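Step one of this worksheet: look at the structure below.
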Amino acid sequence: MLSTIALDTQVIRPGLCTGCGACQGLCPYWGSAEGRTVCYFDCERKDGRCQQFCPRMPTDLNALQSRFFPTETILPEIGPFLGLYRTRAAESGIRRGAQHGGTMTALVELALQEGFIDAAVLTRSRGGLEPEGVLATTSKEVRACAGSSFQVPPTLAVLNRALQENRYQKIGVVGTPCKTLAVYKMKAKPLPENDHHADNIGMVFGLFCGWGLDWDGLKNLTEKHLNGASLIHMDIPPSKYHALELQTNSGETVSVNLDEVTPLVRSGCRYCTDMTAEFADLSIGGARSASGWETDKGWNQVIVRSEKGMELLELARKKGVLEFEDTPEGALDKLKAASLGKKRTGGELLRQRSEEL
Amino acid sequence: MEWTMTANTPGQVCLMQGNEALVRGAVEAGIHFAASYPGSPSSQVLGMLGKIAGERNFYAEWSTNEVCALQACIGASFAGGRALCIVKQNGLLCTADALHCAAQHGVKGGLVVVTSDDPSAHSSTNEFDSRWQAVSAGIPLLEPTTMQETKDMIPYAFQLSEELGQLVLVRVTTRVCHGRGNVVLGPLPEQPRPLQPVREWDRMVCVCYMHAPALEKLEAARQEFETSGYNHYSGPEQAKQLIVASGAGRLYAQEAVRRLDVEEETGLLSLGTLWPVPETAVLERLRCAEKVLVLEEVDPFLEQNLEALAGKHQLSITFLDRSGAGIPQTGELDPDNVTAAVSALTGAALPEKTVPEMELDLPEREMTFCAGCPHRATFFLLKKALRQEKNPGIVVGDIGCYFMAGQAAGQYGFQVCNCMGSGINVAEGLGQLTNYGLNQKVVTVCGDSTFFHTILPGLVNAAYHQANMLLIVLDNSATAMTGFQPHPGTGLTAMGRSVKPMDIPKILDAVGCSVETADPFDVVESEKVLRRLLQKTGMNVLIMRQLCATLKAKEQKRPVRVWVDQDKCLGDGCGCDKFCSRVWGCPGNTWDFKANKAFIDPVTCVGCGVCAKLCPSGAIQVEGGAEK
């Protein structure tokens with residue numbers, strides 16, 4: 001099937017597209033507008049990178065995982081696993097702008113400084129609305145990308161352009177599970193005639209993810225609740241709060257009932273079965289413990305998945321870039337249970353959708 | 001050629017094109033006034049009249065539209081002037097109200113309307129038969145076949161018009177306009193005759209009580225046509241099988257009758273005066289006929305009239321209509337389909353083909369924009385901008401070169417298109433419905449010539465009623481489709497005078513539209529402007545300004561060289577897939593089949609450089625071209 005038609009009929013129209021950008025930045029045919037993946041013109045090639053990289057096109061996940069990770073490290077619930085850690089950035093300046101403990105920002109900055117990577121593809125959240133993908137090469141640029149957005153920008157378009165340019169040889173990528181899966185599909189070099197300079201992909205940093213939100217939907221929701229104030233941060237506390245928290249530049253925090261938010265979940269996210277970004281060197285998310293949200297929201301939990309990931313984390317410990325706390329008892333089981341929950345729900349919805357189609 | 005238009009050498013034989021014969025006829029008729037709006041196939045007529053108007057001491061203008069043209073001719077006629085109005089099929093329909101009113105109030109100086117039809121729509125968007133307008137308005141209708149007749153019918157039409165006090169319609173078709181033949185020149189008047197001052201109690205007013213006198217004029221015309229030299233008959237006196245033909249069909253019929261060797265038993269009645277039908281003359285032939293074939297383009301105009309006549313006189317005749325004679329219901333006649341029809345009429349066997357059919361494997365080509373045409377860039381950007389909208393947009397087309405945007409040339413750019421000047425109104429309707437649940441962006445386009453032609457009233461309507469829409473004015477400073485005739489935006493007249501050009505932005509501003517201007521060749525910026533304007537409510541206008549490629553090529557001081565660095569070109573590989581030649585689609589962007597890479601045809605390329613801006617791998621290079 002023609003490439004553009006394949007993605008259009010198998011991914012976009014059925015509502016599976018995650019908006020990751022893996023199909024973009026490669027050619028004049030694909031682009032993005034307000035989080036929507038847009039086909040400008042038809043490409044008549046039989047196969048191409050867009051189809052091969054798309055995380056929602058058919059993928060043998062087990063084969064892909066065992067190609068890059070030792071089979072014995074792979075846990076069925078959360079993927080490759082070398083260890084679980086509770087950390088936060090030692091520097092309070094990093095923590096201030098961070099979503100939780102600033103571990104990601106600190107680690108990417110360290111990876112850049114220590115030559116693990118020579119550039120990083122990141123998402124600048126811009127307070128949570130209209131985020132954009134950026135290619136960062138300095139600490140300052142990395143720090144500007146602290147914080148999360150629930151709108152999903154096509155960050156991988158930036159990676160594709162950087163790989164095409166062939167200027168950096170060890171590009172780090174930070175992304176949600178759909179994005180890191182696409183990056184590993186790139187690393188697998190699926191097209192014999194075009195390796196897309198995939199060897200220039202350095203480390204992959206995964207972000208835990210529940211779901212992203214519809215671009216316009218979130219924009220309208222915040223407009224409705226903020227009355228003109230500007231948004232600087234948004235977060236979703238543990239499920240018992242049942243809320244989305246919006247923080248304004250005047251320091252006010254507006255709590256929005258999650259019932260208003262869940263209808264805005266991006267269609268493609270409903271079918272996702274990966275919570276912890278199983279394709280990555282390291283995956284990072286918000287911490288959960290018995291001490292409660294007020295403490296936990298300043299900390300992260302980190303899954304180390306590869307030797308290189310472990311090397312970076314240990315270097316961060318040695319250099320004092322990260323602070324460590326003991327992982328609370330039962331944390332791994334809780335994480336496994338949550339991850340499994342997403343796998344079940346996403347899998348079930350995907351089955352239903354397949355039957356509808 | 002121009003000397004044949006004005007040479008006072010009666011009796012001289014000249015080879016002339018039909019359009020030239022019309023001009024010569026007008027000059028021999030001593031016209032005072034000529035007005036037209038360009039339209040194929042008769043676009044050249046006023047162009048030529050404009051060039052010789054000074055020498056022959058008459059006035060000629062490219063009017064803003066056909067209504068202006070006809071009504072200006074009515075004014076000239078009121079002062080006793082001979083006025084010639086030239087329009088194409090669609091233009092005649094445009095003038096319908098003026099035409100019908102003129103038919104009721106009549107004329108003083110001769111007023112002749114030449115309407116050119118384009119059967120098969122060779123250079124039109126559609127195919128119409130103008131002849132019904134003569135019936136509807138109730139005015140005499142002539143149709144020439146040869147170049148000589150074409151020339152002669154114009155002075156005759158003026159004479160008839162003045163005898164009757166009625167305007168006269170002369171219908172020509174593409175083959176007549178563009179065909180060539182010998183014409184014997186007639187004498188030229190020294191000067192157009194003096195005008196007659198309009199007196200206090202002179203009247204040309206369209207009121208109901210003028211209807212009956214108009215019908216009397218028509219009856220007088222019929223009587224005149226009964227013995228007209230423009231109708232001929234050849235064949236046996238008592239022909240049982242009869243062909244009635246007009247226009248180009250007449251020559252094809254003559255040829256077919258000879259080819260099939262049925263001259264002895266087949267009658268051929270050729271009619272040059274079509275309305276009112278000269279009933280007595282026609283009945284004389286119908287009375288002995290058993291089978292009748294009518295050859296005409298395109299509608300069964302004569303056929304229906306002859307059938308009615310036969311019915312009225314209880315004649316038992318079998319009429320072969322187009323489908324009965326094996327001719328398609330639409331499109332032109334040609335020697336082959338006419339021969340087949342005559343064979344169906346007479347039972348004569350079709351001659352065996354002595355020449356084997358040529359099997360030429362020619363590629364099928366769609367019409368497309370010229371190399372370097374700014375419209376290609378505009379529609380490319382419009383498609384990109386609309387694809388970024390959450391809901392698909394609606395694009396309303398209009399008539400001009402940019403009609404081709406409906407095909408690959410414009411990325412299949414519009415979904416609806418009515419007639420010239422309709423875009424703004426169709427879009428206004430859709431734009432109003434965006435307040436009633438239609439959640440789509442509405443865009444329409446018009447060229448600069450069309451803008452003056454019929455957009456203006458629609459613009460006032462849309463702006464006044466605050467429709468949510470975007471009008472894109474494709475300003476290429478030319479009436480390019482029909483051959484660069486001047487229009488009010490150009491600062492030139494048909495007679496070559498320089499005048500103050502109309503300023504489109506000022507007009508738009510005065511009407512109260514929000515106006516922006518962009519350059520379609522600045523692809524990045526123009527896409528942003530389009531995206532932004534699509535988000536705005538109310539009546540917005542974007543002027544896409546860039547000179548027509550053909551004009552630009554003439555003005556280029558230094559040649560531009562655009563070429564493909566084939567080492568950088570991705571060809572049909574992932575990341576490009578022949579983007580320049582396959583999607584952008586400029587005729588200059590071709591394909592090097594040996595190297596499997598892009599190639600720019602240096603003969604076709606005019607050096608606009610847009611493909612270099614769009615090439616995904618930066619393989620297209622532009623050199624030279626900076627103007628002094």
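We label chains A, B, ... in the order they appear in the structure tokens, count residues from 1 in each chain, and number ligands from 1 in the order shown.
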I'd like a table as CSV: residues in range 279-336 of chain A with an atom no more than 10 Å from range 235-239 of chain A, each row giving the shortest atom pair and its distance in Å to one decimal, only C-alpha atoms counted, sorted by chain and rising residue number.
residue,atom,partner,partner_atom,distance
A:Gly286,CA,A:Pro237,CA,9.2
A:Ala287,CA,A:Pro238,CA,9.8
A:Arg288,CA,A:Pro238,CA,8.0
A:Gly292,CA,A:Pro238,CA,9.1
A:Trp293,CA,A:Pro237,CA,7.0
A:Glu294,CA,A:Pro237,CA,9.5
A:Asp296,CA,A:Pro237,CA,9.6
A:Lys297,CA,A:Pro237,CA,8.0
Limited to C-alpha atoms, could you put the picked residues into a file as an mmCIF file, in the first residue's frame?
data_model
loop_
_atom_site.group_PDB
_atom_site.id
_atom_site.type_symbol
_atom_site.label_atom_id
_atom_site.label_comp_id
_atom_site.auth_asym_id
_atom_site.auth_seq_id
_atom_site.Cartn_x
_atom_site.Cartn_y
_atom_site.Cartn_z
ATOM 1 C CA GLY A 286 6.664 10.502 39.432
ATOM 2 C CA ALA A 287 7.369 8.760 42.744
ATOM 3 C CA ARG A 288 4.737 7.006 44.814
ATOM 4 C CA GLY A 292 2.019 10.899 50.587
ATOM 5 C CA TRP A 293 1.737 13.196 47.588
ATOM 6 C CA GLU A 294 3.113 16.320 49.228
ATOM 7 C CA ASP A 296 6.358 12.373 46.630
ATOM 8 C CA LYS A 297 5.744 15.162 44.171
#
Interface rows for chain B against chain A: nearest pair, Å to one decimal, 10 Å, only C-alpha atoms, as a Markdown table:
| residue | atom | partner | partner_atom | distance |
| --- | --- | --- | --- | --- |
| B:Phe380 | CA | A:Tyr40 | CA | 9.4 |
| B:Leu381 | CA | A:Tyr40 | CA | 9.7 |
| B:Lys383 | CA | A:Tyr40 | CA | 7.3 |
| B:Lys384 | CA | A:Tyr40 | CA | 5.4 |
| B:Ala385 | CA | A:Tyr40 | CA | 8.6 |
| B:Leu386 | CA | A:Tyr40 | CA | 8.9 |
| B:Arg387 | CA | A:Tyr40 | CA | 6.0 |
| B:Gln388 | CA | A:Ala33 | CA | 5.5 |
| B:Glu389 | CA | A:Ala33 | CA | 7.6 |
| B:Lys390 | CA | A:Arg36 | CA | 8.0 |
| B:Gln411 | CA | A:Phe41 | CA | 8.4 |
| B:Asp572 | CA | A:Arg45 | CA | 7.8 |
| B:Gly573 | CA | A:Arg45 | CA | 8.0 |
| B:Cys574 | CA | A:Gly48 | CA | 5.6 |
| B:Gly575 | CA | A:Cys27 | CA | 4.2 |
| B:Cys576 | CA | A:Cys27 | CA | 5.8 |
| B:Asp577 | CA | A:Cys43 | CA | 6.6 |
| B:Lys578 | CA | A:Cys43 | CA | 9.0 |
| B:Phe579 | CA | A:Pro28 | CA | 7.7 |
| B:Arg582 | CA | A:Cys43 | CA | 9.3 |
| B:Val583 | CA | A:Phe41 | CA | 7.4 |
| B:Trp584 | CA | A:Phe41 | CA | 9.8 |
| B:Leu614 | CA | A:Pro28 | CA | 8.1 |
| B:Cys615 | CA | A:Pro28 | CA | 8.4 |
| B:Pro616 | CA | A:Cys27 | CA | 6.3 |
| B:Ser617 | CA | A:Cys27 | CA | 8.9 |
For range 66-81 of chain B, list every protein, DNA or RNA residue within 10 Å, evaluated using only C-alpha atoms, and leave out those in the same chain fewer than 4 positions away; present the list as a PyMOL selection string. chain B and resi 30-39+58-59+61-62+85-88+90-99+102+106-113+162+167+192-199+202-204+453-454
What would the file look like if the residues just selected were written as an mmCIF file, in the first residue's frame with C-alpha atoms?
data_model
loop_
_atom_site.group_PDB
_atom_site.id
_atom_site.type_symbol
_atom_site.label_atom_id
_atom_site.label_comp_id
_atom_site.auth_asym_id
_atom_site.auth_seq_id
_atom_site.Cartn_x
_atom_site.Cartn_y
_atom_site.Cartn_z
ATOM 1 C CA GLY B 30 -18.440 51.337 -41.286
ATOM 2 C CA ILE B 31 -18.946 50.681 -37.570
ATOM 3 C CA HIS B 32 -18.740 53.533 -35.085
ATOM 4 C CA PHE B 33 -18.362 51.471 -31.973
ATOM 5 C CA ALA B 34 -17.136 48.045 -30.888
ATOM 6 C CA ALA B 35 -17.085 46.537 -27.421
ATOM 7 C CA SER B 36 -16.253 43.105 -26.076
ATOM 8 C CA TYR B 37 -15.010 41.076 -23.137
ATOM 9 C CA PRO B 38 -12.424 38.458 -24.143
ATOM 10 C CA GLY B 39 -13.613 34.907 -24.595
ATOM 11 C CA PHE B 58 -14.221 54.318 -34.648
ATOM 12 C CA TYR B 59 -14.138 53.528 -30.940
ATOM 13 C CA GLU B 61 -13.012 48.948 -25.970
ATOM 14 C CA TRP B 62 -12.341 45.881 -23.874
ATOM 15 C CA CYS B 85 -20.672 43.667 -29.627
ATOM 16 C CA ILE B 86 -18.538 40.508 -29.544
ATOM 17 C CA VAL B 87 -19.075 37.884 -26.845
ATOM 18 C CA LYS B 88 -18.622 34.185 -26.327
ATOM 19 C CA ASN B 90 -21.198 32.388 -21.697
ATOM 20 C CA GLY B 91 -20.848 36.128 -22.259
ATOM 21 C CA LEU B 92 -24.079 36.175 -24.260
ATOM 22 C CA LEU B 93 -25.872 34.467 -21.385
ATOM 23 C CA CYS B 94 -24.386 37.098 -19.088
ATOM 24 C CA THR B 95 -26.080 39.796 -21.182
ATOM 25 C CA ALA B 96 -29.445 38.002 -21.213
ATOM 26 C CA ASP B 97 -31.390 40.752 -19.430
ATOM 27 C CA ALA B 98 -29.840 43.515 -21.532
ATOM 28 C CA LEU B 99 -30.376 41.493 -24.690
ATOM 29 C CA ALA B 102 -32.912 45.673 -26.150
ATOM 30 C CA GLY B 106 -35.290 48.122 -30.474
ATOM 31 C CA VAL B 107 -32.335 50.025 -31.886
ATOM 32 C CA LYS B 108 -31.645 53.107 -33.985
ATOM 33 C CA GLY B 109 -28.156 52.650 -35.437
ATOM 34 C CA GLY B 110 -27.455 49.055 -36.399
ATOM 35 C CA LEU B 111 -26.559 46.841 -33.457
ATOM 36 C CA VAL B 112 -25.021 43.472 -34.174
ATOM 37 C CA VAL B 113 -24.045 40.975 -31.508
ATOM 38 C CA GLU B 162 -31.381 49.185 -39.336
ATOM 39 C CA LEU B 167 -30.579 44.079 -32.974
ATOM 40 C CA PRO B 192 -18.274 56.053 -40.696
ATOM 41 C CA ARG B 193 -21.434 57.978 -41.557
ATOM 42 C CA PRO B 194 -22.247 60.989 -39.316
ATOM 43 C CA LEU B 195 -23.928 60.286 -35.969
ATOM 44 C CA GLN B 196 -27.486 61.469 -35.354
ATOM 45 C CA PRO B 197 -28.027 63.729 -32.367
ATOM 46 C CA VAL B 198 -30.443 62.286 -29.816
ATOM 47 C CA ARG B 199 -33.557 64.450 -29.928
ATOM 48 C CA ASP B 202 -36.388 60.032 -29.184
ATOM 49 C CA ARG B 203 -37.060 56.890 -27.191
ATOM 50 C CA MET B 204 -35.449 53.499 -26.734
ATOM 51 C CA HIS B 453 -15.832 41.389 -14.435
ATOM 52 C CA THR B 454 -18.381 40.126 -11.914
#
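Between Ile303 in chain A and the candidates A:Glu252, A:Glu278, A:Glu329, A:Glu323, the tightest atom-to-atom separation, counting only C-alpha atoms, involves A:Glu278.
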When you count only C-alpha atoms, which of these residues is closest to Arg344 in chain A: A:Thr273, A:Asn200, A:Thr155, A:Ser148? A:Thr273
As a list of chain:residue names, please: all residues of range 107-198 of chain B that backbone DSSP puts in strand (DSSP E). B:Leu111, B:Val112, B:Val113, B:Val114, B:Thr115, B:Ser116, B:Asp117, B:Leu141, B:Leu142, B:Val168, B:Leu169, B:Val170, B:Arg171, B:Val172, B:Thr173, B:Arg180, B:Gly181, B:Asn182, B:Val183, B:Val184
So which one's closest to Thr295 in chain A, A:Arg88, A:Arg56, A:His242, A:Arg351? Using only C-alpha atoms, please. A:Arg88
Residue contacts of range 179-185 of chain A (6 Å, only C-alpha atoms) excluding same-chain residues fewer than 6 positions away, as an NGL selection string: :A and (20 or 53-55 or 279)
Only N, CA, C and O atoms, please: the residues just picked out, written as an mmCIF file, in the first residue's frame.
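This is the output file part37.cif:
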data_model
loop_
_atom_site.group_PDB
_atom_site.id
_atom_site.type_symbol
_atom_site.label_atom_id
_atom_site.label_comp_id
_atom_site.auth_asym_id
_atom_site.auth_seq_id
_atom_site.Cartn_x
_atom_site.Cartn_y
_atom_site.Cartn_z
ATOM 1 N N CYS A 20 3.354 11.306 17.721
ATOM 2 C CA CYS A 20 4.745 11.316 18.193
ATOM 3 C C CYS A 20 5.687 12.029 17.244
ATOM 4 O O CYS A 20 6.722 12.522 17.653
ATOM 5 N N PHE A 53 8.599 3.414 10.950
ATOM 6 C CA PHE A 53 8.906 3.968 12.265
ATOM 7 C C PHE A 53 7.663 4.125 13.143
ATOM 8 O O PHE A 53 7.755 4.224 14.362
ATOM 9 N N CYS A 54 6.510 4.187 12.512
ATOM 10 C CA CYS A 54 5.287 4.496 13.261
ATOM 11 C C CYS A 54 5.066 3.480 14.383
ATOM 12 O O CYS A 54 5.025 2.276 14.132
ATOM 13 N N PRO A 55 4.917 3.935 15.632
ATOM 14 C CA PRO A 55 4.735 2.993 16.740
ATOM 15 C C PRO A 55 3.371 2.314 16.707
ATOM 16 O O PRO A 55 3.134 1.384 17.473
ATOM 17 N N PHE A 279 10.815 0.664 26.108
ATOM 18 C CA PHE A 279 11.964 0.739 25.208
ATOM 19 C C PHE A 279 12.771 1.985 25.579
ATOM 20 O O PHE A 279 12.459 3.092 25.163
#
If we count only C-alpha atoms, what is near Thr276 in chain A at a cut-off of 9 Å, once residues fewer than 4 positions away on the same chain are taken out, given as a list in words?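 Everything that qualifies: Ile78, Gly79, Thr176, Pro177, Gly206, Leu207, Phe208, Cys209, Gly210, Ser283, Ile284, Gly285, Ile303, Leu335 and Ser339 of chain A.
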Please, could you write that set of residues out with N, CA, C and O atoms as a PDB file, in the first residue's frame?
ATOM      1  N   ILE A  78       6.746  -4.793  33.232  1.00  0.00           N
ATOM      2  CA  ILE A  78       7.335  -3.458  33.003  1.00  0.00           C
ATOM      3  C   ILE A  78       8.535  -3.489  32.071  1.00  0.00           C
ATOM      4  O   ILE A  78       9.246  -2.497  31.921  1.00  0.00           O
ATOM      5  N   GLY A  79       8.781  -4.620  31.408  1.00  0.00           N
ATOM      6  CA  GLY A  79       9.851  -4.664  30.417  1.00  0.00           C
ATOM      7  C   GLY A  79      11.222  -4.842  31.027  1.00  0.00           C
ATOM      8  O   GLY A  79      11.360  -5.249  32.186  1.00  0.00           O
ATOM      9  N   THR A 176       7.882  10.000  25.590  1.00  0.00           N
ATOM     10  CA  THR A 176       6.845   9.148  26.171  1.00  0.00           C
ATOM     11  C   THR A 176       6.960   7.749  25.550  1.00  0.00           C
ATOM     12  O   THR A 176       7.677   7.573  24.569  1.00  0.00           O
ATOM     13  N   PRO A 177       6.248   6.738  26.075  1.00  0.00           N
ATOM     14  CA  PRO A 177       6.422   5.368  25.591  1.00  0.00           C
ATOM     15  C   PRO A 177       6.251   5.203  24.083  1.00  0.00           C
ATOM     16  O   PRO A 177       6.998   4.469  23.444  1.00  0.00           O
ATOM     17  N   GLY A 206      13.066   7.303  28.720  1.00  0.00           N
ATOM     18  CA  GLY A 206      11.616   7.188  28.637  1.00  0.00           C
ATOM     19  C   GLY A 206      10.915   7.906  29.774  1.00  0.00           C
ATOM     20  O   GLY A 206      11.440   8.023  30.881  1.00  0.00           O
ATOM     21  N   LEU A 207       9.735   8.406  29.476  1.00  0.00           N
ATOM     22  CA  LEU A 207       8.896   9.061  30.494  1.00  0.00           C
ATOM     23  C   LEU A 207       7.688   8.175  30.775  1.00  0.00           C
ATOM     24  O   LEU A 207       7.050   7.684  29.844  1.00  0.00           O
ATOM     25  N   PHE A 208       7.383   7.965  32.075  1.00  0.00           N
ATOM     26  CA  PHE A 208       6.150   7.257  32.390  1.00  0.00           C
ATOM     27  C   PHE A 208       4.987   8.062  31.819  1.00  0.00           C
ATOM     28  O   PHE A 208       5.012   9.301  31.826  1.00  0.00           O
ATOM     29  N   CYS A 209       3.974   7.356  31.375  1.00  0.00           N
ATOM     30  CA  CYS A 209       2.876   8.112  30.754  1.00  0.00           C
ATOM     31  C   CYS A 209       1.555   7.376  30.969  1.00  0.00           C
ATOM     32  O   CYS A 209       1.473   6.165  30.754  1.00  0.00           O
ATOM     33  N   GLY A 210       0.543   8.095  31.404  1.00  0.00           N
ATOM     34  CA  GLY A 210      -0.806   7.528  31.498  1.00  0.00           C
ATOM     35  C   GLY A 210      -1.535   7.737  30.187  1.00  0.00           C
ATOM     36  O   GLY A 210      -2.057   6.838  29.584  1.00  0.00           O
ATOM     37  N   SER A 283      13.926   4.764  32.393  1.00  0.00           N
ATOM     38  CA  SER A 283      12.576   5.340  32.340  1.00  0.00           C
ATOM     39  C   SER A 283      12.280   6.027  33.653  1.00  0.00           C
ATOM     40  O   SER A 283      12.613   5.508  34.723  1.00  0.00           O
ATOM     41  N   ILE A 284      11.674   7.179  33.568  1.00  0.00           N
ATOM     42  CA  ILE A 284      11.517   8.024  34.754  1.00  0.00           C
ATOM     43  C   ILE A 284      10.064   8.494  34.884  1.00  0.00           C
ATOM     44  O   ILE A 284       9.434   8.880  33.897  1.00  0.00           O
ATOM     45  N   GLY A 285       9.553   8.461  36.122  1.00  0.00           N
ATOM     46  CA  GLY A 285       8.208   8.953  36.369  1.00  0.00           C
ATOM     47  C   GLY A 285       8.102   9.547  37.756  1.00  0.00           C
ATOM     48  O   GLY A 285       9.095   9.630  38.492  1.00  0.00           O
ATOM     49  N   ILE A 303      13.445   3.577  36.514  1.00  0.00           N
ATOM     50  CA  ILE A 303      13.731   2.187  36.145  1.00  0.00           C
ATOM     51  C   ILE A 303      14.974   2.205  35.267  1.00  0.00           C
ATOM     52  O   ILE A 303      15.001   2.904  34.250  1.00  0.00           O
ATOM     53  N   LEU A 335       4.150  -0.624  41.042  1.00  0.00           N
ATOM     54  CA  LEU A 335       4.445  -0.171  39.681  1.00  0.00           C
ATOM     55  C   LEU A 335       4.011  -1.232  38.660  1.00  0.00           C
ATOM     56  O   LEU A 335       3.391  -0.926  37.633  1.00  0.00           O
ATOM     57  N   SER A 339       1.209  -0.798  35.795  1.00  0.00           N
ATOM     58  CA  SER A 339       1.585  -1.026  34.404  1.00  0.00           C
ATOM     59  C   SER A 339       0.704  -2.099  33.769  1.00  0.00           C
ATOM     60  O   SER A 339       0.251  -1.961  32.630  1.00  0.00           O
TER      61      SER A 339
END
Counting only C-alpha atoms, what is within 10 Å of Arg126 in chain A, bar same-chain residues fewer than 6 positions away, as a PyMOL selection string? chain A and resi 132+144-149+231-233
Between A:Leu159, A:Val11, A:Ala290, A:Ala338, which is the closest to Leu357 in chain A once you count only C-alpha atoms?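 Answer, going by the shortest atom-to-atom distance: A:Val11.
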So that I can see what lies close to range 100-102 of chain A, please list as a PyMOL selection string the residues with an atom at most 6 Å from it, counting only C-alpha atoms and leaving out residues fewer than 6 positions away in the same chain. chain A and resi 88-89+94+297-300
Selection file, all heavy atoms, as a compact mmCIF listing (two decimals), in the first residue's frame:
# COMPACT_ATOMS: atom_id res chain seq x y z
N ARG A 88 16.07 12.36 43.15
CA ARG A 88 15.71 13.71 42.73
C ARG A 88 16.99 14.48 42.42
O ARG A 88 18.07 14.07 42.83
CB ARG A 88 14.89 14.44 43.78
CG ARG A 88 15.66 14.77 45.04
CD ARG A 88 14.78 15.57 45.99
NE ARG A 88 15.57 16.09 47.10
CZ ARG A 88 15.05 16.78 48.10
NH1 ARG A 88 13.74 17.00 48.14
NH2 ARG A 88 15.82 17.23 49.06
N ALA A 89 16.86 15.56 41.67
CA ALA A 89 18.02 16.38 41.33
C ALA A 89 18.55 17.01 42.61
O ALA A 89 17.77 17.49 43.44
CB ALA A 89 17.64 17.47 40.34
N ILE A 94 17.17 23.11 39.61
CA ILE A 94 16.59 22.19 38.62
C ILE A 94 15.22 21.75 39.10
O ILE A 94 14.25 21.71 38.34
CB ILE A 94 17.50 20.97 38.38
CG1 ILE A 94 18.79 21.40 37.66
CG2 ILE A 94 16.78 19.89 37.56
CD1 ILE A 94 19.74 20.28 37.32
N LYS A 297 5.74 14.38 45.41
CA LYS A 297 5.74 15.16 44.17
C LYS A 297 7.08 15.86 43.92
O LYS A 297 7.31 16.39 42.84
CB LYS A 297 4.58 16.15 44.11
CG LYS A 297 4.61 17.33 45.02
CD LYS A 297 3.33 18.15 44.76
CE LYS A 297 3.24 19.34 45.70
NZ LYS A 297 1.95 20.01 45.55
N GLY A 298 7.95 15.80 44.90
CA GLY A 298 9.31 16.31 44.69
C GLY A 298 10.30 15.22 44.34
O GLY A 298 11.51 15.47 44.33
N TRP A 299 9.82 14.00 44.13
CA TRP A 299 10.73 12.88 43.86
C TRP A 299 10.34 12.12 42.59
O TRP A 299 9.21 12.20 42.13
CB TRP A 299 10.72 11.87 45.04
CG TRP A 299 11.45 12.44 46.24
CD1 TRP A 299 10.93 13.25 47.19
CD2 TRP A 299 12.82 12.23 46.56
NE1 TRP A 299 11.89 13.58 48.13
CE2 TRP A 299 13.06 12.96 47.75
CE3 TRP A 299 13.87 11.50 45.99
CZ2 TRP A 299 14.32 12.98 48.37
CZ3 TRP A 299 15.10 11.50 46.61
CH2 TRP A 299 15.33 12.24 47.79
N ASN A 300 11.30 11.37 42.05
CA ASN A 300 11.03 10.52 40.88
C ASN A 300 11.29 9.07 41.22
O ASN A 300 12.00 8.76 42.17
CB ASN A 300 11.97 10.87 39.72
CG ASN A 300 11.71 12.24 39.17
OD1 ASN A 300 12.46 13.19 39.43
ND2 ASN A 300 10.61 12.38 38.42
When distances are computed from only C-alpha atoms, which of B:Gln238, B:Gly431, B:Leu547, B:Gly491 shows the smallest separation from Ser477 in chain B? B:Leu547
Option closest in space to Gly397 in chain B, from B:Thr444, B:Gln44, B:Thr550, B:Ser246 [counting only C-alpha atoms]: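 Residue with the minimum atom-to-atom distance to Gly397 in chain B: B:Thr444.
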Write down as JSON, numbers by chain the residues belonging to range 244-389 of chain B that are assigned alpha helix (DSSP H) by DSSP computed on the backbone. {"B": [248, 249, 250, 251, 252, 253, 254, 255, 256, 257, 258, 259, 279, 280, 281, 282, 283, 284, 285, 286, 301, 302, 303, 304, 305, 306, 307, 308, 309, 310, 311, 312, 335, 336, 337, 338, 339, 340, 341, 342, 343, 344, 345, 346, 374, 375, 376, 377, 378, 379, 380, 381, 382, 383, 384, 385, 386, 387]}
